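Asker: What follows is entry-v4.cif, mmCIF, C-alpha atoms.
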data_run
#
loop_
_atom_site.label_atom_id
_atom_site.label_comp_id
_atom_site.auth_asym_id
_atom_site.auth_seq_id
_atom_site.Cartn_x
_atom_site.Cartn_y
_atom_site.Cartn_z
CA MET A 286 27.48 13.82 -25.80
CA ASP A 287 27.30 14.12 -22.01
CA ALA A 288 29.53 11.20 -21.10
CA ALA A 289 31.59 8.43 -22.65
CA ILE A 290 31.15 4.96 -21.19
CA ILE A 291 34.35 2.97 -21.55
CA ASP A 292 33.77 -0.40 -23.17
CA SER A 293 36.16 -2.56 -21.20
CA GLY A 294 34.77 -5.70 -22.79
CA GLY A 295 32.73 -6.80 -19.78
CA ALA A 296 29.06 -7.41 -20.14
CA ASN A 297 26.18 -5.28 -18.95
CA LEU A 298 26.74 -1.78 -20.23
CA ALA A 299 23.07 -1.61 -21.21
CA SER A 300 21.79 -0.97 -17.70
CA LEU A 301 24.16 1.98 -17.33
CA GLN A 302 23.18 3.39 -20.72
CA PHE A 303 19.50 3.05 -19.85
CA ALA A 304 20.04 4.83 -16.51
CA PHE A 305 21.59 7.82 -18.29
CA GLU A 306 18.86 7.66 -20.93
CA ARG A 307 16.23 7.95 -18.16
CA LEU A 308 17.99 11.18 -17.09
CA GLY A 309 17.81 12.50 -20.65
CA ALA A 310 21.61 12.30 -21.07
CA LYS A 311 23.45 11.25 -24.21
CA THR A 312 26.17 8.68 -23.73
CA ARG A 313 28.42 6.73 -26.05
CA VAL A 314 29.94 3.35 -25.35
CA THR A 315 33.44 3.37 -26.74
CA ALA A 316 36.86 1.76 -26.52
CA ASP A 317 38.46 4.47 -28.66
CA ALA A 318 41.13 6.38 -26.71
CA ILE A 319 40.77 9.53 -28.84
CA GLU A 320 37.02 9.68 -28.37
CA ILE A 321 37.41 9.08 -24.62
CA ALA A 322 40.02 11.83 -24.28
CA ALA A 323 37.63 14.30 -25.93
CA ALA A 324 34.53 13.42 -23.86
CA PRO A 325 33.29 15.90 -21.23
CA ARG A 326 32.85 13.12 -18.65
CA ILE A 327 33.94 9.52 -18.53
CA VAL A 328 32.45 6.46 -16.88
CA LEU A 329 34.59 3.39 -16.25
CA PRO A 330 32.15 0.57 -15.57
CA GLY A 331 33.08 -3.01 -14.89
CA VAL A 332 31.53 -6.38 -14.46
CA GLY A 333 33.81 -9.35 -14.57
CA CYS A 334 37.28 -9.87 -13.20
CA ALA A 335 40.09 -7.37 -12.66
CA THR A 336 42.69 -9.30 -14.68
CA ASP A 337 40.60 -9.45 -17.87
CA ALA A 338 39.47 -5.86 -17.56
CA MET A 339 43.02 -4.52 -17.08
CA GLU A 340 44.29 -6.56 -19.98
CA ARG A 341 41.65 -5.07 -22.26
CA LEU A 342 42.30 -1.52 -21.03
CA ARG A 343 46.02 -1.97 -21.72
CA ARG A 344 45.47 -3.40 -25.17
CA SER A 345 43.28 -0.48 -26.22
CA ALA A 346 45.73 2.12 -24.79
CA ILE A 347 43.01 3.35 -22.41
CA ALA A 348 45.09 2.30 -19.39
CA ALA A 349 47.80 4.75 -20.39
CA LEU A 350 45.31 7.51 -21.16
CA LEU A 351 43.18 7.40 -17.98
CA PRO A 352 45.68 8.80 -15.42
CA SER A 353 46.25 11.86 -17.61
CA LEU A 354 42.56 12.84 -17.86
CA THR A 355 41.40 16.08 -16.27
CA GLN A 356 37.64 15.86 -16.88
CA PRO A 357 35.36 14.09 -14.33
CA VAL A 358 35.87 10.32 -14.31
CA LEU A 359 33.52 7.94 -12.47
CA GLY A 360 34.55 4.33 -11.81
CA ILE A 361 31.67 2.00 -10.95
CA CYS A 362 32.13 -1.24 -8.96
CA LEU A 363 35.07 -3.03 -10.62
CA GLY A 364 35.69 0.27 -12.41
CA MET A 365 36.28 1.94 -9.04
CA GLN A 366 38.61 -0.87 -7.96
CA LEU A 367 40.67 -0.53 -11.15
CA LEU A 368 41.52 3.07 -10.22
CA PHE A 369 43.65 1.76 -7.32
CA GLU A 370 47.18 0.33 -7.40
CA ARG A 371 46.50 -3.37 -7.37
CA SER A 372 43.85 -6.00 -6.75
CA GLU A 373 44.05 -9.27 -4.88
CA GLU A 374 41.81 -10.63 -7.63
CA GLY A 375 44.38 -12.52 -9.67
CA SER A 376 47.16 -10.32 -8.10
CA THR A 377 46.46 -7.76 -10.80
CA PRO A 378 48.36 -4.48 -11.12
CA CYS A 379 45.68 -1.83 -11.75
CA LEU A 380 45.71 1.77 -12.99
CA GLY A 381 47.44 3.20 -9.91
CA ILE A 382 45.61 6.54 -10.08
CA LEU A 383 44.48 6.18 -6.45
CA ARG A 384 46.69 4.92 -3.63
CA GLY A 385 45.52 1.70 -2.06
CA GLU A 386 44.77 -1.96 -2.67
CA VAL A 387 41.70 -3.98 -3.47
CA ARG A 388 41.15 -6.85 -1.03
CA ARG A 389 39.12 -10.02 -1.22
CA LEU A 390 36.11 -9.95 1.14
CA THR A 391 36.03 -12.79 3.66
CA ALA A 392 32.83 -14.64 4.45
CA ALA A 393 31.68 -15.11 8.05
CA PRO A 394 28.44 -16.37 9.59
CA GLY A 395 25.78 -13.80 8.78
CA ARG A 396 28.09 -12.16 6.26
CA PRO A 397 28.15 -14.09 3.01
CA VAL A 398 30.48 -13.28 0.14
CA PRO A 399 29.89 -11.95 -2.49
CA HIS A 400 28.29 -9.04 -0.70
CA MET A 401 24.95 -8.50 -2.41
CA GLY A 402 22.18 -6.21 -1.45
CA TRP A 403 21.04 -2.79 -0.39
CA ASN A 404 23.20 -1.05 2.20
CA ARG A 405 23.29 2.33 3.82
CA LEU A 406 26.19 4.66 3.23
CA GLU A 407 27.80 5.82 6.44
CA ASP A 408 30.18 8.44 7.70
CA TRP A 409 30.12 10.59 4.61
CA LYS A 410 31.87 13.81 3.77
CA ALA A 411 30.38 16.63 1.72
CA ASP A 412 30.96 16.04 -1.97
CA PRO A 413 29.18 17.31 -5.09
CA LEU A 414 28.60 13.71 -6.21
CA LEU A 415 26.43 13.14 -3.11
CA ALA A 416 24.62 16.48 -3.25
CA GLY A 417 20.94 16.26 -2.29
CA LEU A 418 21.17 12.70 -1.02
CA ALA A 419 19.94 11.98 2.48
CA PRO A 420 22.64 10.60 4.78
CA GLY A 421 21.83 6.95 5.31
CA ALA A 422 20.52 6.51 1.75
CA TYR A 423 20.53 2.91 0.51
CA PHE A 424 22.47 1.75 -2.54
CA TYR A 425 22.74 -1.61 -4.29
CA PHE A 426 26.03 -3.47 -3.85
CA VAL A 427 27.20 -6.63 -5.55
CA HIS A 428 30.91 -7.42 -5.16
CA GLY A 429 33.38 -9.99 -3.86
CA TYR A 430 36.34 -7.57 -3.51
CA GLY A 431 36.55 -4.17 -1.91
CA VAL A 432 38.78 -1.30 -0.82
CA PRO A 433 39.15 -0.79 2.95
CA ALA A 434 38.14 2.73 4.01
CA CYS A 435 41.09 5.10 3.53
CA GLU A 436 41.87 8.83 3.30
CA LEU A 437 40.23 8.99 -0.16
CA THR A 438 36.95 7.56 1.18
CA VAL A 439 34.03 9.98 0.90
CA ALA A 440 31.39 7.54 2.21
CA GLN A 441 31.74 4.06 3.59
CA VAL A 442 29.75 0.88 3.98
CA GLU A 443 30.05 -1.55 6.86
CA TYR A 444 30.62 -5.13 5.77
CA GLY A 445 33.00 -6.97 8.04
CA GLY A 446 34.86 -3.70 8.50
CA ALA A 447 34.59 -0.28 6.93
CA LEU A 448 34.82 -0.42 3.14
CA SER A 449 35.04 2.44 0.69
CA ALA A 450 31.61 3.03 -0.88
CA VAL A 451 32.53 6.34 -2.53
CA VAL A 452 36.09 7.56 -3.11
CA ARG A 453 37.45 10.72 -4.64
CA GLN A 454 40.74 12.31 -5.63
CA ASP A 455 40.60 15.49 -7.70
CA ASN A 456 38.62 14.66 -10.87
CA PHE A 457 38.47 10.92 -10.16
CA TRP A 458 35.44 9.50 -8.36
CA GLY A 459 34.66 5.86 -7.67
CA VAL A 460 31.58 4.11 -6.29
CA GLN A 461 31.57 0.49 -5.16
CA PHE A 462 27.78 0.16 -5.55
CA HIS A 463 25.73 0.28 -8.75
CA PRO A 464 24.03 3.69 -9.06
CA GLU A 465 22.28 2.49 -12.23
CA ARG A 466 20.43 -0.09 -10.13
CA SER A 467 20.00 1.94 -6.93
CA ALA A 468 16.55 3.43 -7.57
CA ALA A 469 16.03 7.16 -6.91
CA GLY A 470 19.25 7.63 -4.91
CA GLY A 471 21.32 6.17 -7.72
CA ALA A 472 19.60 8.36 -10.28
CA ARG A 473 20.38 11.43 -8.18
CA LEU A 474 24.05 10.46 -7.95
CA LEU A 475 24.30 9.99 -11.73
CA SER A 476 22.55 13.28 -12.29
CA ASN A 477 25.05 14.94 -9.91
CA PHE A 478 27.85 13.41 -11.99
CA LEU A 479 26.35 14.93 -15.14
CA ASN A 480 26.50 18.33 -13.45
CA LEU A 481 30.18 18.08 -12.49
CA MET B 140 7.18 -16.02 -17.65
CA ARG B 141 5.65 -17.97 -20.49
CA ASP B 142 5.03 -16.70 -24.02
CA GLY B 143 5.74 -13.10 -23.05
CA GLN B 144 3.46 -12.99 -20.04
CA VAL B 145 3.89 -13.45 -16.31
CA VAL B 146 2.36 -16.69 -15.03
CA LYS B 147 2.20 -18.33 -11.62
CA GLY B 148 1.39 -21.88 -10.62
CA VAL B 149 0.85 -23.91 -7.48
CA ARG B 150 3.59 -26.41 -6.63
CA PHE B 151 5.00 -25.81 -10.11
CA ARG B 152 1.71 -26.83 -11.84
CA ASP B 153 -1.42 -25.21 -13.28
CA HIS B 154 0.16 -21.93 -14.28
CA ARG B 155 -2.17 -18.99 -14.79
CA VAL B 156 -1.48 -15.70 -16.53
CA VAL B 157 -1.15 -12.87 -14.01
CA GLY B 158 -0.16 -9.98 -16.23
CA ASP B 159 2.06 -8.16 -18.65
CA ILE B 160 5.82 -8.24 -17.95
CA LEU B 161 6.49 -4.53 -18.25
CA GLU B 162 3.42 -3.48 -16.28
CA LEU B 163 4.31 -5.79 -13.41
CA ALA B 164 7.98 -4.79 -13.49
CA ALA B 165 7.05 -1.10 -13.23
CA ARG B 166 4.51 -1.81 -10.48
CA TYR B 167 7.01 -3.69 -8.30
CA ARG B 168 9.69 -1.05 -8.95
CA ASP B 169 7.30 1.64 -7.72
CA GLU B 170 6.19 -0.38 -4.71
CA GLY B 171 9.77 -0.72 -3.49
CA ALA B 172 10.81 -4.27 -4.45
CA ASP B 173 14.55 -4.69 -3.88
CA GLU B 174 15.15 -7.07 -6.76
CA LEU B 175 13.10 -8.86 -9.39
CA VAL B 176 13.66 -12.37 -10.70
CA PHE B 177 12.28 -13.47 -14.07
CA TYR B 178 12.01 -17.18 -14.76
CA ASP B 179 11.34 -18.19 -18.35
CA ILE B 180 9.84 -21.46 -17.17
CA THR B 181 9.42 -23.22 -20.50
CA ALA B 182 12.84 -22.36 -21.94
CA SER B 183 14.70 -25.43 -20.63
CA PRO B 184 11.89 -27.95 -21.18
CA GLU B 185 11.61 -26.64 -24.76
CA GLY B 186 15.38 -26.77 -25.22
CA ARG B 187 15.83 -23.07 -26.00
CA SER B 188 17.53 -20.13 -24.30
CA VAL B 189 15.57 -17.30 -22.78
CA ASP B 190 14.13 -14.85 -25.32
CA ARG B 191 16.09 -11.61 -25.02
CA GLY B 192 13.75 -8.99 -26.44
CA TRP B 193 11.86 -8.48 -23.22
CA VAL B 194 15.09 -8.37 -21.15
CA ARG B 195 16.08 -5.12 -22.86
CA ARG B 196 12.61 -3.68 -22.47
CA VAL B 197 12.60 -4.54 -18.76
CA ALA B 198 16.12 -3.13 -18.30
CA ARG B 199 14.98 0.17 -19.78
CA VAL B 200 12.26 0.72 -17.17
CA LEU B 201 13.84 -0.85 -14.08
CA ASP B 202 16.17 1.06 -11.79
CA ILE B 203 16.57 -1.88 -9.40
CA PRO B 204 18.56 -5.07 -10.00
CA PHE B 205 17.02 -8.01 -11.78
CA CYS B 206 17.96 -11.59 -12.48
CA VAL B 207 16.97 -13.69 -15.48
CA ALA B 208 16.63 -17.45 -15.54
CA GLY B 209 15.58 -19.91 -18.17
CA GLY B 210 17.54 -22.18 -20.45
CA ILE B 211 20.87 -20.36 -20.07
CA ALA B 212 23.19 -23.19 -21.07
CA SER B 213 26.35 -21.49 -22.32
CA VAL B 214 28.62 -18.49 -21.78
CA SER B 215 27.19 -16.87 -24.91
CA ASP B 216 23.57 -17.34 -23.74
CA ALA B 217 24.55 -15.64 -20.47
CA GLU B 218 26.44 -12.87 -22.22
CA ALA B 219 23.43 -12.00 -24.36
CA VAL B 220 21.17 -11.72 -21.30
CA LEU B 221 23.71 -9.65 -19.34
CA ASN B 222 24.37 -7.41 -22.35
CA ALA B 223 20.64 -6.80 -22.62
CA GLY B 224 20.77 -5.26 -19.13
CA ALA B 225 20.21 -8.01 -16.54
CA GLU B 226 22.41 -7.90 -13.40
CA LYS B 227 22.52 -11.60 -12.81
CA ILE B 228 21.72 -14.81 -14.57
CA SER B 229 20.37 -17.86 -12.81
CA VAL B 230 20.99 -21.41 -13.96
CA ASN B 231 19.27 -24.58 -12.86
CA SER B 232 18.52 -27.43 -15.29
CA PRO B 233 21.51 -26.74 -17.60
CA ALA B 234 23.85 -26.70 -14.56
CA LEU B 235 22.49 -30.05 -13.38
CA ALA B 236 23.13 -31.45 -16.86
CA ASP B 237 26.64 -29.93 -17.03
CA PRO B 238 27.95 -28.61 -13.70
CA SER B 239 31.09 -27.15 -15.35
CA LEU B 240 28.79 -24.47 -16.80
CA ILE B 241 28.94 -22.77 -13.37
CA ASP B 242 32.78 -22.66 -13.49
CA ARG B 243 32.75 -21.17 -16.98
CA LEU B 244 30.15 -18.54 -16.13
CA SER B 245 31.85 -17.41 -12.95
CA ARG B 246 35.28 -17.24 -14.61
CA ARG B 247 33.89 -15.11 -17.42
CA PHE B 248 31.51 -12.80 -15.54
CA GLY B 249 32.53 -13.13 -11.88
CA SER B 250 30.68 -15.06 -9.17
CA GLN B 251 28.61 -12.04 -8.26
CA CYS B 252 26.34 -12.43 -11.26
CA VAL B 253 26.04 -16.21 -11.29
CA VAL B 254 23.02 -17.47 -9.36
CA VAL B 255 22.21 -21.15 -9.08
CA GLY B 256 18.55 -21.99 -8.58
CA ILE B 257 17.81 -25.30 -6.87
CA ASP B 258 14.31 -26.78 -7.13
CA SER B 259 14.18 -29.00 -4.11
CA GLU B 260 11.77 -31.58 -2.77
CA ARG B 261 11.89 -33.60 0.43
CA ALA B 262 12.75 -37.28 -0.07
CA GLY B 263 12.93 -39.49 3.01
CA GLU B 264 15.46 -37.97 5.40
CA GLY B 265 16.94 -35.59 2.86
CA TYR B 266 16.16 -33.39 -0.12
CA ARG B 267 16.59 -34.03 -3.83
CA ALA B 268 17.14 -31.50 -6.63
CA TYR B 269 14.76 -31.48 -9.59
CA ARG B 270 15.23 -30.31 -13.15
CA LEU B 271 13.00 -29.16 -16.02
CA THR B 272 10.43 -28.14 -13.42
CA GLY B 273 8.79 -25.53 -15.67
CA ASP B 274 6.78 -28.25 -17.39
CA PRO B 275 5.15 -30.74 -14.98
CA ARG B 276 5.18 -33.46 -17.65
CA ARG B 277 8.94 -33.25 -18.05
CA ALA B 278 10.10 -32.43 -14.52
CA ARG B 279 12.61 -35.00 -13.26
CA GLU B 280 14.51 -35.80 -10.12
CA SER B 281 18.14 -35.06 -10.96
CA GLY B 282 19.65 -37.80 -8.82
CA ARG B 283 21.43 -35.20 -6.70
CA ASP B 284 21.19 -34.59 -3.00
CA VAL B 285 20.42 -30.90 -2.38
CA LEU B 286 23.04 -30.32 0.33
CA GLN B 287 25.79 -31.93 -1.73
CA TRP B 288 24.72 -29.99 -4.80
CA ALA B 289 24.65 -26.72 -2.84
CA ARG B 290 28.23 -27.37 -1.67
CA GLU B 291 29.38 -28.22 -5.17
CA VAL B 292 27.88 -25.16 -6.85
CA GLN B 293 29.67 -22.89 -4.36
CA GLN B 294 32.98 -24.60 -5.07
CA ARG B 295 32.35 -24.10 -8.77
CA GLY B 296 31.81 -20.36 -8.31
CA ALA B 297 28.10 -19.74 -7.74
CA GLY B 298 27.65 -16.32 -6.11
CA GLU B 299 24.13 -16.90 -4.82
CA ILE B 300 21.75 -19.79 -4.25
CA VAL B 301 17.99 -19.52 -4.63
CA LEU B 302 16.37 -22.49 -2.93
CA ASN B 303 12.92 -23.13 -4.37
CA CYS B 304 11.19 -25.46 -1.94
CA MET B 305 8.77 -27.14 -4.33
CA GLY B 306 6.54 -28.64 -1.66
CA SER B 307 5.77 -25.17 -0.29
CA ASP B 308 5.49 -23.36 -3.62
CA GLY B 309 2.32 -21.40 -4.24
CA VAL B 310 0.48 -22.85 -1.24
CA ARG B 311 1.09 -19.86 1.03
CA ARG B 312 1.69 -21.81 4.25
CA GLY B 313 5.10 -20.38 4.96
CA TYR B 314 8.66 -21.02 3.86
CA ASP B 315 10.23 -24.41 4.55
CA ILE B 316 12.31 -23.18 7.50
CA GLU B 317 13.81 -26.57 8.31
CA GLN B 318 15.08 -27.12 4.81
CA LEU B 319 16.38 -23.55 4.46
CA ARG B 320 18.22 -23.84 7.79
CA ALA B 321 19.90 -27.02 6.59
CA VAL B 322 21.15 -25.29 3.44
CA ARG B 323 22.09 -22.12 5.35
CA GLY B 324 24.38 -24.27 7.48
CA ILE B 325 26.58 -25.06 4.49
CA CYS B 326 26.06 -21.93 2.42
CA GLN B 327 28.69 -19.15 2.51
CA VAL B 328 27.18 -17.21 -0.39
CA PRO B 329 23.91 -15.29 -0.24
CA LEU B 330 20.92 -17.61 0.20
CA VAL B 331 17.49 -16.65 -1.07
CA ALA B 332 14.38 -18.38 0.28
CA SER B 333 11.69 -19.19 -2.25
CA GLY B 334 8.36 -20.95 -2.04
CA GLY B 335 5.56 -20.69 0.48
CA ALA B 336 5.10 -17.04 1.47
CA GLY B 337 1.46 -16.48 2.37
CA GLU B 338 1.41 -13.77 4.99
CA ILE B 339 3.65 -11.04 6.31
CA GLY B 340 4.68 -13.10 9.34
CA HIS B 341 6.21 -15.75 7.08
CA PHE B 342 8.82 -13.28 5.87
CA ALA B 343 9.88 -12.26 9.37
CA SER B 344 10.14 -15.94 10.36
CA VAL B 345 12.31 -16.95 7.45
CA PHE B 346 14.77 -14.13 8.12
CA ARG B 347 14.90 -14.82 11.86
CA GLU B 348 14.69 -18.60 11.95
CA ALA B 349 16.48 -19.63 8.77
CA GLY B 350 18.97 -16.75 8.55
CA VAL B 351 18.43 -16.27 4.83
CA ASP B 352 19.74 -13.14 3.09
CA ALA B 353 16.61 -12.49 1.05
CA ALA B 354 13.11 -13.83 0.63
CA LEU B 355 11.52 -14.26 -2.76
CA ALA B 356 7.77 -14.39 -3.27
CA ALA B 357 5.42 -14.32 -6.23
CA SER B 358 1.80 -15.37 -5.58
CA VAL B 359 1.17 -12.99 -2.69
CA PHE B 360 2.50 -10.01 -4.62
CA HIS B 361 0.82 -10.89 -7.92
CA SER B 362 -2.55 -11.31 -6.22
CA GLY B 363 -2.19 -8.17 -4.15
CA ALA B 364 -2.57 -10.18 -0.91
CA ILE B 365 0.56 -8.48 0.42
CA ALA B 366 1.61 -4.96 -0.57
CA ILE B 367 5.39 -4.48 -0.52
CA PRO B 368 5.30 -1.20 1.47
CA ASP B 369 3.21 -2.90 4.20
CA LEU B 370 5.59 -5.85 4.26
CA LYS B 371 8.63 -3.61 4.61
CA ARG B 372 7.02 -1.60 7.41
CA ALA B 373 6.22 -4.79 9.29
CA LEU B 374 9.75 -6.16 8.86
CA ARG B 375 11.27 -2.91 10.04
CA SER B 376 9.12 -2.85 13.15
CA ALA B 377 10.17 -6.47 13.78
CA GLY B 378 13.77 -5.22 13.87
CA ILE B 379 14.81 -6.59 10.48
CA GLU B 380 16.77 -4.07 8.44
CA VAL B 381 15.23 -3.39 5.04
CA ARG B 382 15.52 -0.58 2.54
CA PRO B 383 12.61 1.84 3.10
#
Kindly transcribe the structure held in the file into C-alpha cells.
Answerer:
Amino acid sequence: MDAAIIDSGGANLASLQFAFERLGAKTRVTADAIEIAAAPRIVLPGVGCATDAMERLRRSAIAALLPSLTQPVLGICLGMQLLFERSEEGSTPCLGILRGEVRRLTAAPGRPVPHMGWNRLEDWKADPLLAGLAPGAYFYFVHGYGVPACELTVAQVEYGGALSAVVRQDNFWGVQFHPERSAAGGARLLSNFLNL
Amino acid sequence: MRDGQVVKGVRFRDHRVVGDILELAARYRDEGADELVFYDITASPEGRSVDRGWVRRVARVLDIPFCVAGGIASVSDAEAVLNAGAEKISVNSPALADPSLIDRLSRRFGSQCVVVGIDSERAGEGYRAYRLTGDPRRARESGRDVLQWAREVQQRGAGEIVLNCMGSDGVRRGYDIEQLRAVRGICQVPLVASGGAGEIGHFASVFREAGVDAALAASVFHSGAIAIPDLKRALRSAGIEVRP
C-alpha cells in the first residue's frame, strides 16, 4: 500500500482513489486507527462540514492518533482545515496540529461564496510537494471556509484576501484545493506526495 | 444523457444522440474543459434517480470536476452519486416539488456541492421556473417566479445556481444577458449561464455584460463548431482570466 485514505464518513472518496489509481498507486480507504498508524503515507480528505467530520474522527480514535504521526500526512480541502485549531464552521474545535483558525469566506460583488473554480497559486515557497510545478499553475477550488495566509503557508490564493492554498509543518501538508480534480497539475502534486 | 448516451436538443425538444459518454468526457478533458455537467434528462420525468454505473466510469477517467443532475430527490440519492465520484449534484424538479431537499442536502454535504438548476422562461415582465423539462410532453411551469426562487434556494443552502434560459437553448443566438443580469443582481453564490452559446463572442459577452462566474455550453462543443482551446485563447486575449 502506498497511502491510506482516512474514511471520515464524508462522501466522495472515489475521485481521490481514482486519481491515485491513475498514478498506479495502491491506496486503502480505512477508518481503522491501527491500519492508519502503519501506513507509509496518509491522506485526510473531507467533503461535508467540520463538525460532523471532527465528531467521526473522535469517535474512531483517529483524532487522537493523527497528531502523533510521523509519516507524511496530506489534508485535502476540509481535511486541511481540520489540521488547524478551530473552525468558524459550527465553532468546531479541530485537531490543533497546526496553529491558526479556519474562517468563513465573505461574499462581495464579483466574489461569490462558496469560492468555486480554477485559481492560480501565488507567492509560493520551495517545497517537495510542489516540485516540478510551474509557478502560477491553476488548481480547482471549492470551499466556503478558508485559512488566512500565515507563517505555515507554502502557497497562497487570492480571494478577498490572501488565503492558504498549501500549508506545511514538518510531516503535515494541507491543500485547500482538490488535486484529484486539478488536471495535470493536481496529478503532479499527488505524485510528489507519493515520493515523500 | 438519455439511455446511456449523450443527447442534445433545441429549446429542450427533439433530442439527438451526439455520442458515447466516456468518449465525450475524455475528449472534453483533453481539450481543456474546466468542468463537465451531466444531465440525465429523463430521470425526473420517469420518476427515477440517475443511474450510477456511468458516474463511476466517468469519475475514473476525468481529472477535472463534474456535476451530475437528474432525479436526485433525497439525501441517499445524492450520497450515491457523490460516492461514485461526482464533485457536485444538481437538483431541479425535485427541489421545486420539495424545496426542503436543498436544506437537507447542504446540511449533509455542504453548500459547495449542492447546485440548483433553474429552467427559466420569460413570462410577461418576469421569468417563470419550469420543471420536468427533460420530456417536452411533461414539462410544466412550476408556478414560481425565477428571481424569488433564486433567492429562496440561496437561503436554503444552494452553493451554485445554473440558469438554463430555455428560450435561448440550442438556438445559438447568444446567452440571455438581460435575464442573467437580473439573476446576478440577487445571486451571492456562483452563477452559471446556460443556453444560447453559438459563437466565441457570446462567451465574452456573457462574462462581461452579465457578470456570470462560468458559462456552460453543449451544442457548439458537441458539433465541433467551437473548439475549447480556441475559445480559451479568445477569452484570454479579451482580458478574461481563464485556465490555459
Asker: Using only C-alpha atoms, which protein or nucleic acid residues come within 9 Å of segment 328-345 of chain A? Drop anything in the same chain fewer than 4 positions from it, and give the result as JSON, numbers by chain.
Answerer: {"A": [288, 289, 290, 291, 292, 293, 294, 295, 296, 297, 298, 301, 316, 317, 318, 349, 357, 358, 359, 360, 361, 362, 363, 364, 365, 366, 367, 372, 373, 374, 375, 376, 377, 378, 379, 380, 459], "B": [245, 246, 247, 248, 249, 250, 251, 252]}
Asker: I'd like to see the residues matched by the PyMOL selection byres ((chain A) within 7 of (chain B)) on this file, and ideally I'd get them as a PyMOL selection string.
Answerer: chain A and resi 296-300+303+332-334+392+397-399+403+423+427-429+465-468
Asker: Using all atoms listed in the file, pick whichever of B:Phe360, B:Leu161, B:Tyr167, B:Ala236 has the shortest atom-to-atom distance to Gly192 of chain B.
Answerer: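 Checking each of B:Phe360, B:Leu161, B:Tyr167, B:Ala236 against Gly192 of chain B, counting all atoms listed in the file, the winner is B:Leu161.
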Asker: What separation in Å, quoted to one decimal, exists between atom CA of Gly282 of chain B and atom CA of Leu302 of chain B?
Answerer: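 Separating atom CA of Gly282 of chain B from atom CA of Leu302 of chain B is a distance of 16.7 Å.
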Asker: Could you tell me which residues the PyMOL selection byres ((chain A and resi 287) around 10) grabs in this file, written as a list in words?
Answerer: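 Matching residues under the PyMOL selection byres ((chain A and resi 287) around 10) are Met286, Ala288, Ala289, Ile290, Phe305, Gly309, Ala310, Lys311, Thr312, Arg313, Ala324, Pro325, Arg326, Ile327, Leu479 and Asn480 of chain A.
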Asker: Please save C-alpha atoms of the selected residues as an mmCIF file, in the frame of the given file.
Answerer:
data_model
loop_
_atom_site.group_PDB
_atom_site.id
_atom_site.type_symbol
_atom_site.label_atom_id
_atom_site.label_comp_id
_atom_site.auth_asym_id
_atom_site.auth_seq_id
_atom_site.Cartn_x
_atom_site.Cartn_y
_atom_site.Cartn_z
ATOM 1 C CA MET A 286 27.480 13.820 -25.800
ATOM 2 C CA ALA A 288 29.530 11.200 -21.100
ATOM 3 C CA ALA A 289 31.590 8.430 -22.650
ATOM 4 C CA ILE A 290 31.150 4.960 -21.190
ATOM 5 C CA PHE A 305 21.590 7.820 -18.290
ATOM 6 C CA GLY A 309 17.810 12.500 -20.650
ATOM 7 C CA ALA A 310 21.610 12.300 -21.070
ATOM 8 C CA LYS A 311 23.450 11.250 -24.210
ATOM 9 C CA THR A 312 26.170 8.680 -23.730
ATOM 10 C CA ARG A 313 28.420 6.730 -26.050
ATOM 11 C CA ALA A 324 34.530 13.420 -23.860
ATOM 12 C CA PRO A 325 33.290 15.900 -21.230
ATOM 13 C CA ARG A 326 32.850 13.120 -18.650
ATOM 14 C CA ILE A 327 33.940 9.520 -18.530
ATOM 15 C CA LEU A 479 26.350 14.930 -15.140
ATOM 16 C CA ASN A 480 26.500 18.330 -13.450
#
Asker: Could you write out as a ChimeraX atom specification the residues that the PyMOL selection byres ((chain B and resi 292) around 12) matches in the shown file?
Answerer: /B:230-231,234-235,237-245,250,253-257,283,285-291,293-301,325-328
Asker: Go ahead and dump the residues you just picked, C-alpha atoms, as an mmCIF file, in the coordinates of the input.
Answerer:
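Once everything was written out, this is part25.cif:
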data_model
loop_
_atom_site.group_PDB
_atom_site.id
_atom_site.type_symbol
_atom_site.label_atom_id
_atom_site.label_comp_id
_atom_site.auth_asym_id
_atom_site.auth_seq_id
_atom_site.Cartn_x
_atom_site.Cartn_y
_atom_site.Cartn_z
ATOM 1 C CA VAL B 230 20.990 -21.410 -13.960
ATOM 2 C CA ASN B 231 19.270 -24.580 -12.860
ATOM 3 C CA ALA B 234 23.850 -26.700 -14.560
ATOM 4 C CA LEU B 235 22.490 -30.050 -13.380
ATOM 5 C CA ASP B 237 26.640 -29.930 -17.030
ATOM 6 C CA PRO B 238 27.950 -28.610 -13.700
ATOM 7 C CA SER B 239 31.090 -27.150 -15.350
ATOM 8 C CA LEU B 240 28.790 -24.470 -16.800
ATOM 9 C CA ILE B 241 28.940 -22.770 -13.370
ATOM 10 C CA ASP B 242 32.780 -22.660 -13.490
ATOM 11 C CA ARG B 243 32.750 -21.170 -16.980
ATOM 12 C CA LEU B 244 30.150 -18.540 -16.130
ATOM 13 C CA SER B 245 31.850 -17.410 -12.950
ATOM 14 C CA SER B 250 30.680 -15.060 -9.170
ATOM 15 C CA VAL B 253 26.040 -16.210 -11.290
ATOM 16 C CA VAL B 254 23.020 -17.470 -9.360
ATOM 17 C CA VAL B 255 22.210 -21.150 -9.080
ATOM 18 C CA GLY B 256 18.550 -21.990 -8.580
ATOM 19 C CA ILE B 257 17.810 -25.300 -6.870
ATOM 20 C CA ARG B 283 21.430 -35.200 -6.700
ATOM 21 C CA VAL B 285 20.420 -30.900 -2.380
ATOM 22 C CA LEU B 286 23.040 -30.320 0.330
ATOM 23 C CA GLN B 287 25.790 -31.930 -1.730
ATOM 24 C CA TRP B 288 24.720 -29.990 -4.800
ATOM 25 C CA ALA B 289 24.650 -26.720 -2.840
ATOM 26 C CA ARG B 290 28.230 -27.370 -1.670
ATOM 27 C CA GLU B 291 29.380 -28.220 -5.170
ATOM 28 C CA GLN B 293 29.670 -22.890 -4.360
ATOM 29 C CA GLN B 294 32.980 -24.600 -5.070
ATOM 30 C CA ARG B 295 32.350 -24.100 -8.770
ATOM 31 C CA GLY B 296 31.810 -20.360 -8.310
ATOM 32 C CA ALA B 297 28.100 -19.740 -7.740
ATOM 33 C CA GLY B 298 27.650 -16.320 -6.110
ATOM 34 C CA GLU B 299 24.130 -16.900 -4.820
ATOM 35 C CA ILE B 300 21.750 -19.790 -4.250
ATOM 36 C CA VAL B 301 17.990 -19.520 -4.630
ATOM 37 C CA ILE B 325 26.580 -25.060 4.490
ATOM 38 C CA CYS B 326 26.060 -21.930 2.420
ATOM 39 C CA GLN B 327 28.690 -19.150 2.510
ATOM 40 C CA VAL B 328 27.180 -17.210 -0.390
#
